[in-house]
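This is structure08.pdb (PDB, C-alpha atoms).
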ATOM      1  CA  MET A1212      -6.011   5.054 -14.308  1.00  0.00           C
ATOM      2  CA  SER A1213      -5.499   1.426 -13.284  1.00  0.00           C
ATOM      3  CA  LYS A1214      -6.610  -1.699 -15.095  1.00  0.00           C
ATOM      4  CA  ILE A1215      -5.868  -5.244 -16.191  1.00  0.00           C
ATOM      5  CA  ILE A1216      -3.920  -5.000 -19.445  1.00  0.00           C
ATOM      6  CA  GLY A1217      -3.842  -8.672 -20.286  1.00  0.00           C
ATOM      7  CA  THR A1218      -4.781 -12.188 -19.242  1.00  0.00           C
ATOM      8  CA  GLU A1219      -3.346 -15.309 -20.813  1.00  0.00           C
ATOM      9  CA  GLU A1220      -3.001 -18.959 -19.903  1.00  0.00           C
ATOM     10  CA  LYS A1221       0.309 -20.766 -20.464  1.00  0.00           C
ATOM     11  CA  GLY A1222       0.993 -24.320 -19.381  1.00  0.00           C
ATOM     12  CA  GLY A1223      -1.661 -24.330 -16.693  1.00  0.00           C
ATOM     13  CA  VAL A1224      -0.708 -20.899 -15.335  1.00  0.00           C
ATOM     14  CA  VAL A1225      -2.977 -17.884 -15.667  1.00  0.00           C
ATOM     15  CA  ILE A1226      -0.982 -14.688 -16.100  1.00  0.00           C
ATOM     16  CA  ILE A1227      -2.797 -11.503 -15.180  1.00  0.00           C
ATOM     17  CA  SER A1228      -0.920  -8.304 -16.043  1.00  0.00           C
ATOM     18  CA  THR A1229      -1.901  -5.016 -14.462  1.00  0.00           C
ATOM     19  CA  GLU A1230      -1.216  -1.357 -15.055  1.00  0.00           C
ATOM     20  CA  GLY A1231      -1.358   1.519 -12.565  1.00  0.00           C
ATOM     21  CA  TYR A1232      -2.322   1.881  -8.932  1.00  0.00           C
ATOM     22  CA  LEU A1233      -3.087  -1.482  -7.287  1.00  0.00           C
ATOM     23  CA  ASN A1234      -5.987  -0.085  -5.286  1.00  0.00           C
ATOM     24  CA  LYS A1235      -9.317  -1.602  -4.286  1.00  0.00           C
ATOM     25  CA  ASP A1236     -10.853  -1.374  -7.773  1.00  0.00           C
ATOM     26  CA  LEU A1237      -7.898  -2.990  -9.560  1.00  0.00           C
ATOM     27  CA  ALA A1238      -7.531  -5.699  -6.907  1.00  0.00           C
ATOM     28  CA  ILE A1239     -11.233  -6.537  -7.215  1.00  0.00           C
ATOM     29  CA  ALA A1240     -10.827  -6.755 -11.000  1.00  0.00           C
ATOM     30  CA  VAL A1241      -7.859  -9.123 -10.515  1.00  0.00           C
ATOM     31  CA  MET A1242      -9.857 -11.204  -8.036  1.00  0.00           C
ATOM     32  CA  GLU A1243     -12.797 -11.461 -10.463  1.00  0.00           C
ATOM     33  CA  GLU A1244     -10.530 -12.365 -13.366  1.00  0.00           C
ATOM     34  CA  ALA A1245      -8.680 -15.002 -11.318  1.00  0.00           C
ATOM     35  CA  THR A1246     -11.948 -16.419 -10.003  1.00  0.00           C
ATOM     36  CA  LYS A1247     -13.161 -17.157 -13.552  1.00  0.00           C
ATOM     37  CA  TYR A1248     -10.137 -19.409 -14.072  1.00  0.00           C
ATOM     38  CA  ILE A1249     -10.179 -20.936 -10.574  1.00  0.00           C
ATOM     39  CA  ASP A1250     -13.823 -21.894 -11.062  1.00  0.00           C
ATOM     40  CA  ASN A1251     -12.813 -23.665 -14.286  1.00  0.00           C
ATOM     41  CA  GLY A1252     -10.026 -25.577 -12.560  1.00  0.00           C
ATOM     42  CA  THR A1253      -6.913 -23.493 -13.314  1.00  0.00           C
ATOM     43  CA  THR A1254      -5.502 -22.764  -9.887  1.00  0.00           C
ATOM     44  CA  ASN A1255      -2.008 -21.408 -10.535  1.00  0.00           C
ATOM     45  CA  ILE A1256      -2.179 -17.642 -10.836  1.00  0.00           C
ATOM     46  CA  LEU A1257       0.722 -15.371 -11.750  1.00  0.00           C
ATOM     47  CA  ILE A1258       0.283 -11.621 -11.422  1.00  0.00           C
ATOM     48  CA  ASN A1259       2.664  -9.496 -13.492  1.00  0.00           C
ATOM     49  CA  LEU A1260       3.042  -6.124 -11.773  1.00  0.00           C
ATOM     50  CA  SER A1261       5.666  -4.603 -14.068  1.00  0.00           C
ATOM     51  CA  LYS A1262       3.384  -1.688 -14.937  1.00  0.00           C
ATOM     52  CA  SER A1263       1.921  -1.156 -11.458  1.00  0.00           C
ATOM     53  CA  ASN A1264       4.235   1.071  -9.492  1.00  0.00           C
ATOM     54  CA  ILE A1265       2.241   1.558  -6.306  1.00  0.00           C
ATOM     55  CA  VAL A1266      -0.204  -0.330  -4.116  1.00  0.00           C
ATOM     56  CA  ASN A1267      -2.370   0.426  -1.123  1.00  0.00           C
ATOM     57  CA  SER A1268      -3.284  -1.801   1.790  1.00  0.00           C
ATOM     58  CA  ILE A1269      -6.891  -2.142   0.614  1.00  0.00           C
ATOM     59  CA  GLY A1270      -5.705  -3.633  -2.673  1.00  0.00           C
ATOM     60  CA  ALA A1271      -3.231  -5.844  -0.821  1.00  0.00           C
ATOM     61  CA  SER A1272      -6.002  -7.035   1.527  1.00  0.00           C
ATOM     62  CA  ILE A1273      -8.003  -8.212  -1.473  1.00  0.00           C
ATOM     63  CA  ILE A1274      -4.892 -10.086  -2.629  1.00  0.00           C
ATOM     64  CA  ILE A1275      -4.942 -11.828   0.791  1.00  0.00           C
ATOM     65  CA  GLU A1276      -8.515 -12.897   0.007  1.00  0.00           C
ATOM     66  CA  LEU A1277      -7.261 -14.327  -3.277  1.00  0.00           C
ATOM     67  CA  ILE A1278      -4.546 -16.281  -1.417  1.00  0.00           C
ATOM     68  CA  GLU A1279      -7.251 -17.648   0.880  1.00  0.00           C
ATOM     69  CA  LYS A1280      -9.398 -18.659  -2.081  1.00  0.00           C
ATOM     70  CA  LEU A1281      -6.445 -20.432  -3.710  1.00  0.00           C
ATOM     71  CA  GLN A1282      -5.527 -22.233  -0.480  1.00  0.00           C
ATOM     72  CA  GLU A1283      -9.010 -23.763  -0.488  1.00  0.00           C
ATOM     73  CA  VAL A1284      -8.326 -25.387  -3.870  1.00  0.00           C
ATOM     74  CA  ASN A1285      -4.617 -26.158  -3.298  1.00  0.00           C
ATOM     75  CA  GLY A1286      -3.699 -23.514  -5.820  1.00  0.00           C
ATOM     76  CA  SER A1287      -0.866 -20.995  -5.833  1.00  0.00           C
ATOM     77  CA  LEU A1288      -0.412 -17.282  -6.266  1.00  0.00           C
ATOM     78  CA  SER A1289       2.854 -15.857  -7.598  1.00  0.00           C
ATOM     79  CA  PHE A1290       4.062 -12.429  -8.629  1.00  0.00           C
ATOM     80  CA  CYS A1291       6.637 -11.284 -11.116  1.00  0.00           C
ATOM     81  CA  GLU A1292       8.376  -7.988 -11.855  1.00  0.00           C
ATOM     82  CA  LEU A1293       7.322  -6.433  -8.572  1.00  0.00           C
ATOM     83  CA  PRO A1294       8.453  -2.847  -8.148  1.00  0.00           C
ATOM     84  CA  SER A1295      10.608  -2.713  -5.004  1.00  0.00           C
ATOM     85  CA  ILE A1296       8.116  -0.676  -2.949  1.00  0.00           C
ATOM     86  CA  ILE A1297       5.328  -3.186  -3.652  1.00  0.00           C
ATOM     87  CA  GLU A1298       7.643  -6.069  -2.743  1.00  0.00           C
ATOM     88  CA  LYS A1299       8.589  -4.279   0.473  1.00  0.00           C
ATOM     89  CA  THR A1300       4.925  -3.646   1.306  1.00  0.00           C
ATOM     90  CA  PHE A1301       4.027  -7.296   0.688  1.00  0.00           C
ATOM     91  CA  LYS A1302       6.968  -8.373   2.878  1.00  0.00           C
ATOM     92  CA  ILE A1303       5.880  -6.138   5.764  1.00  0.00           C
ATOM     93  CA  MET A1304       2.368  -7.578   5.526  1.00  0.00           C
ATOM     94  CA  GLY A1305       3.681 -11.144   5.308  1.00  0.00           C
ATOM     95  CA  LEU A1306       2.180 -11.868   1.893  1.00  0.00           C
ATOM     96  CA  THR A1307       5.481 -13.097   0.504  1.00  0.00           C
ATOM     97  CA  LYS A1308       5.358 -16.039   2.933  1.00  0.00           C
ATOM     98  CA  TYR A1309       2.384 -17.295   0.930  1.00  0.00           C
ATOM     99  CA  CYS A1310       3.401 -16.267  -2.598  1.00  0.00           C
ATOM    100  CA  ASP A1311       6.486 -16.833  -4.698  1.00  0.00           C
ATOM    101  CA  THR A1312       8.022 -13.842  -6.387  1.00  0.00           C
ATOM    102  CA  TYR A1313      10.031 -13.903  -9.601  1.00  0.00           C
ATOM    103  CA  GLU A1314      12.251 -11.400 -11.302  1.00  0.00           C
ATOM    104  CA  ASN A1315      10.420 -11.726 -14.599  1.00  0.00           C
ATOM    105  CA  GLN A1316       7.621 -13.629 -16.314  1.00  0.00           C
ATOM    106  CA  GLU A1317       9.947 -16.038 -18.095  1.00  0.00           C
ATOM    107  CA  ALA A1318      11.601 -17.112 -14.837  1.00  0.00           C
ATOM    108  CA  ALA A1319       8.188 -17.539 -13.237  1.00  0.00           C
ATOM    109  CA  LEU A1320       6.837 -19.701 -16.054  1.00  0.00           C
ATOM    110  CA  GLU A1321       9.983 -21.802 -16.127  1.00  0.00           C
ATOM    111  CA  GLN A1322       9.383 -22.659 -12.494  1.00  0.00           C
ATOM    112  CA  LEU A1323       5.595 -22.891 -12.516  1.00  0.00           C
ATOM    113  CA  THR A1324       4.926 -24.858 -15.709  1.00  0.00           C
TER     114      THR A1324
ATOM    115  CA  MET B 189      10.536  22.998  14.450  1.00  0.00           C
ATOM    116  CA  SER B 190      11.849  26.393  13.361  1.00  0.00           C
ATOM    117  CA  GLU B 191       9.589  28.810  11.530  1.00  0.00           C
ATOM    118  CA  ALA B 192      12.355  29.048   8.977  1.00  0.00           C
ATOM    119  CA  ASN B 193      11.609  25.537   7.757  1.00  0.00           C
ATOM    120  CA  PRO B 194       9.877  25.766   4.392  1.00  0.00           C
ATOM    121  CA  THR B 195       6.478  24.078   4.491  1.00  0.00           C
ATOM    122  CA  VAL B 196       4.264  22.861   1.670  1.00  0.00           C
ATOM    123  CA  GLU B 197       0.592  22.689   2.600  1.00  0.00           C
ATOM    124  CA  LEU B 198      -2.039  20.646   0.837  1.00  0.00           C
ATOM    125  CA  LYS B 199      -5.795  20.395   1.369  1.00  0.00           C
ATOM    126  CA  LEU B 200      -7.437  17.252   0.029  1.00  0.00           C
ATOM    127  CA  PRO B 201     -11.153  16.672  -0.398  1.00  0.00           C
ATOM    128  CA  ILE B 202     -12.463  13.221   0.579  1.00  0.00           C
ATOM    129  CA  ILE B 203     -12.571  11.816  -2.943  1.00  0.00           C
ATOM    130  CA  GLU B 204     -11.455   8.365  -4.024  1.00  0.00           C
ATOM    131  CA  ASN B 205      -7.784   8.105  -5.072  1.00  0.00           C
ATOM    132  CA  MET B 206      -7.067  11.706  -4.010  1.00  0.00           C
ATOM    133  CA  GLU B 207      -4.178  10.283  -1.966  1.00  0.00           C
ATOM    134  CA  LEU B 208      -2.259  10.157  -5.249  1.00  0.00           C
ATOM    135  CA  VAL B 209      -2.265  13.965  -5.292  1.00  0.00           C
ATOM    136  CA  ALA B 210      -0.426  13.817  -1.964  1.00  0.00           C
ATOM    137  CA  THR B 211       2.140  11.379  -3.349  1.00  0.00           C
ATOM    138  CA  GLN B 212       2.797  13.621  -6.347  1.00  0.00           C
ATOM    139  CA  THR B 213       3.548  16.463  -3.957  1.00  0.00           C
ATOM    140  CA  SER B 214       5.740  14.275  -1.758  1.00  0.00           C
ATOM    141  CA  GLU B 215       7.725  13.185  -4.811  1.00  0.00           C
ATOM    142  CA  VAL B 216       8.437  16.793  -5.734  1.00  0.00           C
ATOM    143  CA  VAL B 217       9.427  17.604  -2.139  1.00  0.00           C
ATOM    144  CA  SER B 218      11.620  14.483  -1.912  1.00  0.00           C
ATOM    145  CA  LYS B 219      13.350  15.406  -5.146  1.00  0.00           C
ATOM    146  CA  HIS B 220      13.930  18.924  -3.862  1.00  0.00           C
ATOM    147  CA  MET B 221      15.508  17.403  -0.726  1.00  0.00           C
ATOM    148  CA  ASP B 222      17.590  15.023  -2.834  1.00  0.00           C
ATOM    149  CA  LEU B 223      16.174  11.973  -1.048  1.00  0.00           C
ATOM    150  CA  SER B 224      16.929   8.576  -2.532  1.00  0.00           C
ATOM    151  CA  GLU B 225      14.454   6.795  -4.791  1.00  0.00           C
ATOM    152  CA  GLU B 226      13.905   4.186  -2.059  1.00  0.00           C
ATOM    153  CA  LYS B 227      13.096   6.773   0.594  1.00  0.00           C
ATOM    154  CA  THR B 228      10.856   8.641  -1.850  1.00  0.00           C
ATOM    155  CA  SER B 229       8.768   5.558  -2.576  1.00  0.00           C
ATOM    156  CA  GLU B 230       8.575   4.671   1.135  1.00  0.00           C
ATOM    157  CA  ILE B 231       7.271   8.162   1.882  1.00  0.00           C
ATOM    158  CA  SER B 232       4.695   7.849  -0.909  1.00  0.00           C
ATOM    159  CA  MET B 233       3.483   4.489   0.384  1.00  0.00           C
ATOM    160  CA  ALA B 234       3.244   5.720   3.987  1.00  0.00           C
ATOM    161  CA  LEU B 235       1.414   8.830   2.817  1.00  0.00           C
ATOM    162  CA  ILE B 236      -1.120   6.776   0.867  1.00  0.00           C
ATOM    163  CA  GLU B 237      -1.886   4.785   4.011  1.00  0.00           C
ATOM    164  CA  ALA B 238      -2.075   7.900   6.184  1.00  0.00           C
ATOM    165  CA  CYS B 239      -4.530   9.522   3.750  1.00  0.00           C
ATOM    166  CA  ILE B 240      -6.691   6.399   3.513  1.00  0.00           C
ATOM    167  CA  ASN B 241      -6.823   6.183   7.313  1.00  0.00           C
ATOM    168  CA  ALA B 242      -7.817   9.828   7.536  1.00  0.00           C
ATOM    169  CA  PHE B 243     -10.423   9.442   4.761  1.00  0.00           C
ATOM    170  CA  GLU B 244     -12.003   6.285   6.107  1.00  0.00           C
ATOM    171  CA  HIS B 245     -11.519   5.970   9.834  1.00  0.00           C
ATOM    172  CA  SER B 246     -11.886   9.557  10.924  1.00  0.00           C
ATOM    173  CA  GLU B 247     -15.350   9.634   9.309  1.00  0.00           C
ATOM    174  CA  THR B 248     -14.714  13.284   8.611  1.00  0.00           C
ATOM    175  CA  LYS B 249     -16.890  15.002   6.039  1.00  0.00           C
ATOM    176  CA  SER B 250     -14.447  17.845   5.570  1.00  0.00           C
ATOM    177  CA  GLU B 251     -11.043  17.953   3.930  1.00  0.00           C
ATOM    178  CA  ILE B 252      -7.811  16.591   5.286  1.00  0.00           C
ATOM    179  CA  TYR B 253      -4.697  18.740   5.536  1.00  0.00           C
ATOM    180  CA  ILE B 254      -1.142  17.666   4.812  1.00  0.00           C
ATOM    181  CA  HIS B 255       1.923  19.680   5.788  1.00  0.00           C
ATOM    182  CA  PHE B 256       5.337  18.794   4.373  1.00  0.00           C
ATOM    183  CA  ILE B 257       7.953  20.451   6.584  1.00  0.00           C
ATOM    184  CA  ILE B 258      11.379  20.535   4.994  1.00  0.00           C
ATOM    185  CA  SER B 259      14.623  20.728   6.923  1.00  0.00           C
ATOM    186  CA  ASP B 260      18.237  19.910   6.165  1.00  0.00           C
ATOM    187  CA  GLU B 261      18.086  16.670   8.169  1.00  0.00           C
ATOM    188  CA  ARG B 262      14.577  15.352   7.612  1.00  0.00           C
ATOM    189  CA  LEU B 263      11.163  15.570   6.007  1.00  0.00           C
ATOM    190  CA  THR B 264       8.320  15.826   8.512  1.00  0.00           C
ATOM    191  CA  ILE B 265       4.802  15.159   7.244  1.00  0.00           C
ATOM    192  CA  LYS B 266       1.679  15.975   9.227  1.00  0.00           C
ATOM    193  CA  VAL B 267      -1.648  14.507   8.119  1.00  0.00           C
ATOM    194  CA  ILE B 268      -4.469  16.282   9.917  1.00  0.00           C
ATOM    195  CA  ASP B 269      -8.147  15.408   9.969  1.00  0.00           C
ATOM    196  CA  LYS B 270     -11.053  16.907  11.880  1.00  0.00           C
ATOM    197  CA  GLY B 271     -12.737  13.565  12.417  1.00  0.00           C
ATOM    198  CA  LYS B 272     -13.857  11.613  15.448  1.00  0.00           C
ATOM    199  CA  GLY B 273     -10.376  10.583  16.617  1.00  0.00           C
ATOM    200  CA  PHE B 274      -9.312   7.176  17.881  1.00  0.00           C
ATOM    201  CA  ASP B 275      -7.697   5.535  20.880  1.00  0.00           C
ATOM    202  CA  THR B 276      -4.062   5.212  19.857  1.00  0.00           C
ATOM    203  CA  SER B 277      -3.454   2.563  22.547  1.00  0.00           C
ATOM    204  CA  ASN B 278      -6.133   0.352  21.046  1.00  0.00           C
ATOM    205  CA  VAL B 279      -4.505  -0.281  17.670  1.00  0.00           C
ATOM    206  CA  LYS B 280      -3.955  -3.984  17.027  1.00  0.00           C
ATOM    207  CA  ILE B 281      -0.940  -5.253  15.104  1.00  0.00           C
ATOM    208  CA  PRO B 282      -2.324  -7.298  12.206  1.00  0.00           C
ATOM    209  CA  ASN B 283      -1.127 -10.844  11.602  1.00  0.00           C
ATOM    210  CA  ILE B 284      -1.545 -12.505   8.224  1.00  0.00           C
ATOM    211  CA  GLU B 285      -1.589 -16.039   9.691  1.00  0.00           C
ATOM    212  CA  LYS B 286      -4.580 -15.152  11.851  1.00  0.00           C
ATOM    213  CA  LYS B 287      -6.299 -13.360   9.007  1.00  0.00           C
ATOM    214  CA  LEU B 288      -5.895 -16.326   6.662  1.00  0.00           C
ATOM    215  CA  LYS B 289      -7.171 -18.895   9.104  1.00  0.00           C
ATOM    216  CA  SER B 290     -10.292 -17.086  10.178  1.00  0.00           C
ATOM    217  CA  ASN B 291     -13.145 -14.913   9.069  1.00  0.00           C
ATOM    218  CA  GLU B 292     -11.196 -11.957  10.442  1.00  0.00           C
ATOM    219  CA  ARG B 293     -11.380  -8.839   8.312  1.00  0.00           C
ATOM    220  CA  LYS B 294      -8.390  -8.795   5.984  1.00  0.00           C
ATOM    221  CA  ARG B 295      -7.802  -5.062   6.362  1.00  0.00           C
ATOM    222  CA  GLY B 296      -6.146  -3.001   9.110  1.00  0.00           C
ATOM    223  CA  TRP B 297      -2.561  -2.735   7.812  1.00  0.00           C
ATOM    224  CA  GLY B 298      -2.204   1.020   7.478  1.00  0.00           C
ATOM    225  CA  ILE B 299      -0.542   1.914  10.778  1.00  0.00           C
ATOM    226  CA  LEU B 300       1.843  -1.059  10.637  1.00  0.00           C
ATOM    227  CA  LEU B 301       2.950  -0.027   7.149  1.00  0.00           C
ATOM    228  CA  ILE B 302       3.411   3.611   8.121  1.00  0.00           C
ATOM    229  CA  LYS B 303       5.528   2.635  11.153  1.00  0.00           C
ATOM    230  CA  GLU B 304       7.673   0.247   9.134  1.00  0.00           C
ATOM    231  CA  LEU B 305       8.233   2.641   6.248  1.00  0.00           C
ATOM    232  CA  MET B 306       8.981   5.836   8.179  1.00  0.00           C
ATOM    233  CA  ASP B 307      11.697   6.631  10.723  1.00  0.00           C
ATOM    234  CA  SER B 308       9.337   7.914  13.392  1.00  0.00           C
ATOM    235  CA  VAL B 309       5.573   8.120  13.727  1.00  0.00           C
ATOM    236  CA  ASP B 310       3.408   9.851  16.301  1.00  0.00           C
ATOM    237  CA  PHE B 311      -0.347  10.270  16.723  1.00  0.00           C
ATOM    238  CA  GLU B 312      -2.221  12.956  18.593  1.00  0.00           C
ATOM    239  CA  SER B 313      -5.905  12.167  18.648  1.00  0.00           C
ATOM    240  CA  SER B 314      -8.965  13.593  20.365  1.00  0.00           C
ATOM    241  CA  THR B 315     -12.653  13.852  19.607  1.00  0.00           C
ATOM    242  CA  ASP B 316     -11.778  16.948  17.554  1.00  0.00           C
ATOM    243  CA  GLY B 317      -9.550  15.075  15.168  1.00  0.00           C
ATOM    244  CA  THR B 318      -6.219  13.395  14.646  1.00  0.00           C
ATOM    245  CA  THR B 319      -2.778  14.603  13.674  1.00  0.00           C
ATOM    246  CA  LEU B 320      -0.385  11.967  12.397  1.00  0.00           C
ATOM    247  CA  THR B 321       3.219  13.145  12.354  1.00  0.00           C
ATOM    248  CA  MET B 322       5.702  11.015  10.455  1.00  0.00           C
ATOM    249  CA  VAL B 323       9.354  11.663   9.778  1.00  0.00           C
ATOM    250  CA  LYS B 324      11.811  10.431   7.195  1.00  0.00           C
ATOM    251  CA  ASN B 325      15.426  11.227   7.966  1.00  0.00           C
ATOM    252  CA  LYS B 326      17.642  12.236   5.105  1.00  0.00           C
ATOM    253  CA  ILE B 327      20.444  10.007   6.349  1.00  0.00           C
ATOM    254  CA  ASN B 328      19.883   6.535   7.770  1.00  0.00           C
ATOM    255  CA  ASN B 329      20.392   5.777  11.500  1.00  0.00           C
ATOM    256  CA  GLU B 330      20.171   9.405  12.458  1.00  0.00           C
TER     257      GLU B 330
END
Show me, as structure tokens, the structure contained in the file I just sent.
Amino acid sequence: MSKIIGTEEKGGVVIISTEGYLNKDLAIAVMEEATKYIDNGTTNILINLSKSNIVNSIGASIIIELIEKLQEVNGSLSFCELPSIIEKTFKIMGLTKYCDTYENQEAALEQLT
Amino acid sequence: MSEANPTVELKLPIIENMELVATQTSEVVSKHMDLSEEKTSEISMALIEACINAFEHSETKSEIYIHFIISDERLTIKVIDKGKGFDTSNVKIPNIEKKLKSNERKRGWGILLIKELMDSVDFESSTDGTTLTMVKNKINNE
């Protein structure tokens, strides 16, 4: 129902693309995937949410843990192609104060690489 | 609320991700009411959080009940559980700054999200259970 559909590294940025409900299970999978790269020294993470149309606060809380992990290594977390309801949810929670958001992946990579 | 208001009733078992069944119903109801896409997705998000709260915090072993009450002016949703209830005056407003700078639990956003996404929210809670009533007006600033 929800999963990571791709991970790639471009110019020092790890792009993790998801599909489906950004719930606890998917957020944990994203955290585990990101952690593999962070542990190897790549600390700029971009999450592409174009195929995830809904989130819950448990998933978003795990994203806060990822922000915390990245702060410890002076890394950054960004999002691209956020559906408007996910962007609104992240804004209410205050996540967007700690993450950049981009309209699309190309715009994100242009800025981040 | 008049008895003439059509009501859709749903009974959800406490099973992971079953909140998505509620959102599918709310989308159909929202479409029937001709609510905007933005309002529809806000209702879905609030409903997800209301269901998760009922599933997790009520500690109920039985089902939860959701009533969608349709009127010309608004959609009223009641999420009812038969759990242990909670003190509505004791709900803390979460703060991301505090959560990031401490070992504080990162969760606890549900009620804030519901209040921000809906036009009005009310809780009635006792040791016999909790009823969350949330309203989305059809027209803004009603």
Quick check: residues of chain A within 8 Å of chain B, only C-alpha atoms, returned as a ChimeraX atom specification. /A:1265-1269,1272-1273,1275-1276,1279,1296,1300,1303-1306
May I have the selected residues written with C-alpha atoms, as a short mmCIF file (atom, residue, chain, number, x, y, z; two decimals), keeping the file's coordinate frame?
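Saved to out.cif:
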data_model
loop_
_atom_site.label_atom_id
_atom_site.label_comp_id
_atom_site.auth_asym_id
_atom_site.auth_seq_id
_atom_site.Cartn_x
_atom_site.Cartn_y
_atom_site.Cartn_z
CA ILE A 1265 2.24 1.56 -6.31
CA VAL A 1266 -0.20 -0.33 -4.12
CA ASN A 1267 -2.37 0.43 -1.12
CA SER A 1268 -3.28 -1.80 1.79
CA ILE A 1269 -6.89 -2.14 0.61
CA SER A 1272 -6.00 -7.04 1.53
CA ILE A 1273 -8.00 -8.21 -1.47
CA ILE A 1275 -4.94 -11.83 0.79
CA GLU A 1276 -8.52 -12.90 0.01
CA GLU A 1279 -7.25 -17.65 0.88
CA ILE A 1296 8.12 -0.68 -2.95
CA THR A 1300 4.92 -3.65 1.31
CA ILE A 1303 5.88 -6.14 5.76
CA MET A 1304 2.37 -7.58 5.53
CA GLY A 1305 3.68 -11.14 5.31
CA LEU A 1306 2.18 -11.87 1.89
#
Run the PyMOL selection byres ((chain A and resi 1309) around 9) on the file and write out the hits as a PDB file with C-alpha atoms, in the frame of the given file.
ATOM      1  CA  ILE A1278      -4.546 -16.281  -1.417  1.00  0.00           C
ATOM      2  CA  SER A1287      -0.866 -20.995  -5.833  1.00  0.00           C
ATOM      3  CA  LEU A1288      -0.412 -17.282  -6.266  1.00  0.00           C
ATOM      4  CA  SER A1289       2.854 -15.857  -7.598  1.00  0.00           C
ATOM      5  CA  GLY A1305       3.681 -11.144   5.308  1.00  0.00           C
ATOM      6  CA  LEU A1306       2.180 -11.868   1.893  1.00  0.00           C
ATOM      7  CA  THR A1307       5.481 -13.097   0.504  1.00  0.00           C
ATOM      8  CA  LYS A1308       5.358 -16.039   2.933  1.00  0.00           C
ATOM      9  CA  CYS A1310       3.401 -16.267  -2.598  1.00  0.00           C
ATOM     10  CA  ASP A1311       6.486 -16.833  -4.698  1.00  0.00           C
TER      11      ASP A1311
END
Excluding same-chain residues fewer than 5 positions from Ala242 (chain B), what lies within 9 Å of it counting all atoms listed in the file, as an NGL selection string? :B and (237 or 247-248 or 252 or 267-271 or 318)
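Taking all atoms listed in the file, the non-local environment of Ile1226 (chain A) within 9 Å (same-chain residues fewer than 4 positions away omitted) comprises A:Gly1217, A:Thr1218, A:Glu1219, A:Glu1220, A:Lys1221, A:Asn1255, A:Ile1256, A:Leu1257, A:Ile1258, A:Asn1259, A:Gln1316.
What separates CA of Cys1291 (chain A) from CA of Ser1228 (chain A) is a distance of 9.5 Å.
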Taking the file as I've supplied it (selection: the PyMOL selection byres ((chain A and resi 1248) around 12)), which residues are included? Please answer as a PyMOL selection string. chain A and resi 1218-1220+1223-1227+1241-1247+1249-1257+1281+1284+1286
If the PyMOL selection byres ((chain B and resi 223) around 12) were run on this exact file, what residues would it hold? Put them as a ChimeraX atom specification. /B:214-222,224-231,258-263,324-328
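The spacing separating CA of Glu1298 (chain A) from CA of Asp310 (chain B) amounts to 25.2 Å.
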Please provide the set of residues having any atom within 6 Å of Thr264 (chain B), restricted to only C-alpha atoms, with same-chain residues fewer than 4 positions apart removed, written as a list of chain:residue names. B:Phe256, B:Ile257, B:Met322, B:Val323
Using only C-alpha atoms, the best pick from A:Phe1301, A:Ser1295, A:Gly1270, A:Phe1290 as closest to Tyr1313 (chain A) would be A:Phe1290
